[in-house]
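Enquirer: A single structure is presented below for examination.
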Amino acid sequence: MKIASLDAAGSRAFSDETVRLTTDQEAIVTRKRLLLAAAAALVVGTGFAHQQAGGDALDPVRVAADTHQLALENAFVRILDVRIPPGKTEPRHRHPHGLSVYFTDWDAKVTVDGQQPQVNHRKAGTFAWSDAVIHTVENVSKSEGHVLRIELKQ
């Protein structure tokens, strides 16, 4: 290791001296290395978890690609542009918690896993919060259901 020191004229001089650490200094260096390794593992693990989430068999972009289009995705949100034609029943799929913004008036027959079907009227210009859900949706009206689904990732 190169050691810098000042000579009598105030200029830097370098030498190839070996630096000896005390036991306390070695422990600090070891802790720092462990923390860096843990942080790197966390970053890699988080990236792997996000990659695995994209492989979700109930992801609506996968199972209902004809009605769910990815509009935007970043580290915080995923926004889906959802268009359900009259009479269409979407396959069973999953959504994390998030907000739905309705652009059209329509009636949705929603069947949440383990519950009885429920018909909900959706009015243009309104919005609704929902917790994470696995469901099927059928458009039981005569007009297209148009929804912007904003899914939170955290």
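If you're wondering about the labels, chains in the structure tokens are A, B, ... by order shown, residues count from 1 in each chain, ligands from 1 in order shown.
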I want to know what sits within 12 Å of Ala65 (chain A), based on only C-alpha atoms, with residues of the same chain fewer than 5 positions away left out; could you give that as a PyMOL selection string?
Expert: chain A and resi 58-60+70+80-84+90-91+93
Enquirer: Leaving out Glu73 (chain A) and any residue of its chain fewer than 2 positions from it, which residues lie within 12 Å of it when counting only C-alpha atoms, given as a PDB file with N, CA and C atoms, in the first residue's frame?
Expert:
```pdb
ATOM      1  N   HIS A  50     -38.387  -9.016  -8.175  1.00  0.00           N
ATOM      2  CA  HIS A  50     -39.173  -8.283  -9.180  1.00  0.00           C
ATOM      3  C   HIS A  50     -39.260  -9.070 -10.480  1.00  0.00           C
ATOM      4  N   GLY A  54     -42.831 -10.809 -12.312  1.00  0.00           N
ATOM      5  CA  GLY A  54     -43.233 -10.723 -13.711  1.00  0.00           C
ATOM      6  C   GLY A  54     -43.637 -12.070 -14.278  1.00  0.00           C
ATOM      7  N   GLN A  69     -53.609  -3.795 -21.054  1.00  0.00           N
ATOM      8  CA  GLN A  69     -52.398  -3.334 -21.728  1.00  0.00           C
ATOM      9  C   GLN A  69     -51.544  -2.549 -20.737  1.00  0.00           C
ATOM     10  N   LEU A  70     -50.261  -2.845 -20.713  1.00  0.00           N
ATOM     11  CA  LEU A  70     -49.342  -2.130 -19.841  1.00  0.00           C
ATOM     12  C   LEU A  70     -49.127  -0.720 -20.384  1.00  0.00           C
ATOM     13  N   ALA A  71     -49.496   0.286 -19.596  1.00  0.00           N
ATOM     14  CA  ALA A  71     -49.343   1.681 -20.018  1.00  0.00           C
ATOM     15  C   ALA A  71     -48.030   2.277 -19.515  1.00  0.00           C
ATOM     16  N   ALA A  75     -40.367   1.577 -10.737  1.00  0.00           N
ATOM     17  CA  ALA A  75     -40.091   0.929  -9.452  1.00  0.00           C
ATOM     18  C   ALA A  75     -41.236   1.082  -8.458  1.00  0.00           C
ATOM     19  N   PHE A  76     -42.147   2.012  -8.681  1.00  0.00           N
ATOM     20  CA  PHE A  76     -43.184   2.307  -7.703  1.00  0.00           C
ATOM     21  C   PHE A  76     -44.588   1.866  -8.101  1.00  0.00           C
ATOM     22  N   VAL A  77     -44.908   1.977  -9.388  1.00  0.00           N
ATOM     23  CA  VAL A  77     -46.265   1.668  -9.849  1.00  0.00           C
ATOM     24  C   VAL A  77     -46.236   0.888 -11.156  1.00  0.00           C
ATOM     25  N   ARG A  78     -47.351   0.241 -11.410  1.00  0.00           N
ATOM     26  CA  ARG A  78     -47.616  -0.353 -12.719  1.00  0.00           C
ATOM     27  C   ARG A  78     -49.001   0.131 -13.096  1.00  0.00           C
ATOM     28  N   ILE A  79     -49.116   0.735 -14.276  1.00  0.00           N
ATOM     29  CA  ILE A  79     -50.392   1.286 -14.715  1.00  0.00           C
ATOM     30  C   ILE A  79     -50.891   0.482 -15.916  1.00  0.00           C
ATOM     31  N   LEU A  80     -52.134  -0.015 -15.788  1.00  0.00           N
ATOM     32  CA  LEU A  80     -52.749  -0.819 -16.835  1.00  0.00           C
ATOM     33  C   LEU A  80     -53.909  -0.070 -17.460  1.00  0.00           C
ATOM     34  N   ASP A  81     -53.978  -0.100 -18.776  1.00  0.00           N
ATOM     35  CA  ASP A  81     -55.115   0.435 -19.512  1.00  0.00           C
ATOM     36  C   ASP A  81     -56.013  -0.769 -19.800  1.00  0.00           C
ATOM     37  N   ARG A 149     -55.988   1.225 -14.301  1.00  0.00           N
ATOM     38  CA  ARG A 149     -55.675   0.567 -13.036  1.00  0.00           C
ATOM     39  C   ARG A 149     -54.259   0.952 -12.636  1.00  0.00           C
ATOM     40  N   ILE A 150     -54.128   1.588 -11.450  1.00  0.00           N
ATOM     41  CA  ILE A 150     -52.834   2.030 -10.943  1.00  0.00           C
ATOM     42  C   ILE A 150     -52.474   1.117  -9.774  1.00  0.00           C
ATOM     43  N   GLU A 151     -51.512   0.227 -10.017  1.00  0.00           N
ATOM     44  CA  GLU A 151     -51.112  -0.766  -9.019  1.00  0.00           C
ATOM     45  C   GLU A 151     -49.831  -0.325  -8.324  1.00  0.00           C
ATOM     46  N   LEU A 152     -49.871  -0.305  -6.992  1.00  0.00           N
ATOM     47  CA  LEU A 152     -48.708   0.096  -6.211  1.00  0.00           C
ATOM     48  C   LEU A 152     -47.797  -1.115  -5.998  1.00  0.00           C
ATOM     49  N   LYS A 153     -46.507  -0.880  -6.056  1.00  0.00           N
ATOM     50  CA  LYS A 153     -45.554  -1.965  -5.879  1.00  0.00           C
ATOM     51  C   LYS A 153     -45.024  -2.046  -4.461  1.00  0.00           C
TER      52      LYS A 153
END
```
Enquirer: I'd like to know which of A:Thr104, A:Gln154, A:Asn74, A:Thr22 is closest to Lys142 (chain A), using only C-alpha atoms.
Expert: A:Thr104
Enquirer: Can you work out the spacing between CA of Gly145 (chain A) and CA of Thr67 (chain A) in Å, to one decimal?
Expert: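 Atom-to-atom, CA of Gly145 (chain A) and CA of Thr67 (chain A) are spaced 9.8 Å apart.
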Enquirer: Which residues are near Ala128 (chain A)? Cut-off 10 Å, only C-alpha atoms, ignore same chain within fewer than 5 positions. Put them as a CSV table (one decimal) with N, CA and C atoms, in the first residue's frame.
Expert:
```csv
chain,number,residue,atom,x,y,z
A,98,GLY,N,-54.4,-1.1,-5.1
A,98,GLY,CA,-54.2,0.0,-6.0
A,98,GLY,C,-55.5,0.7,-6.3
A,99,LEU,N,-55.5,1.6,-7.2
A,99,LEU,CA,-56.6,2.5,-7.5
A,99,LEU,C,-57.1,2.2,-9.0
A,100,SER,N,-58.4,2.2,-9.1
A,100,SER,CA,-59.0,2.1,-10.5
A,100,SER,C,-59.8,3.4,-10.8
A,101,VAL,N,-59.5,3.9,-12.0
A,101,VAL,CA,-60.1,5.1,-12.4
A,101,VAL,C,-61.0,4.7,-13.6
A,102,TYR,N,-62.3,5.1,-13.5
A,102,TYR,CA,-63.3,4.6,-14.5
A,102,TYR,C,-63.5,5.7,-15.5
A,122,ARG,N,-70.1,1.0,-12.5
A,122,ARG,CA,-69.0,1.9,-12.6
A,122,ARG,C,-69.4,3.1,-13.3
A,149,ARG,N,-56.0,1.2,-14.3
A,149,ARG,CA,-55.7,0.6,-13.0
A,149,ARG,C,-54.3,1.0,-12.6
```
Enquirer: How many Å lie between CA of Thr136 (chain A) and CA of Ala108 (chain A), rounded to one decimal?
Expert: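 Value for the CA of Thr136 (chain A)-CA of Ala108 (chain A) distance: 9.8 Å.
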Enquirer: Taking the chain letters and numbering used in this document, name the residues of region 47-114 of chain A that DSSP puts in strand (DSSP E or B), as an MDAnalysis selection string.
Expert: chainID A and resid 68:73 77:84 89 93:95 98:102 106:112
Enquirer: Determine the nearest neighbour of His146 (chain A) from the options A:Asn120, A:Ala132, A:Ala64, A:Pro86, counting only C-alpha atoms.
Expert: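 Among the listed residues, the smallest separation from His146 (chain A) belongs to A:Pro86.
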Enquirer: What gap, in Å, lies between CA of Gly125 (chain A) and CA of Pro85 (chain A)?
Expert: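 Between CA of Gly125 (chain A) and CA of Pro85 (chain A) the gap is 18.6 Å.
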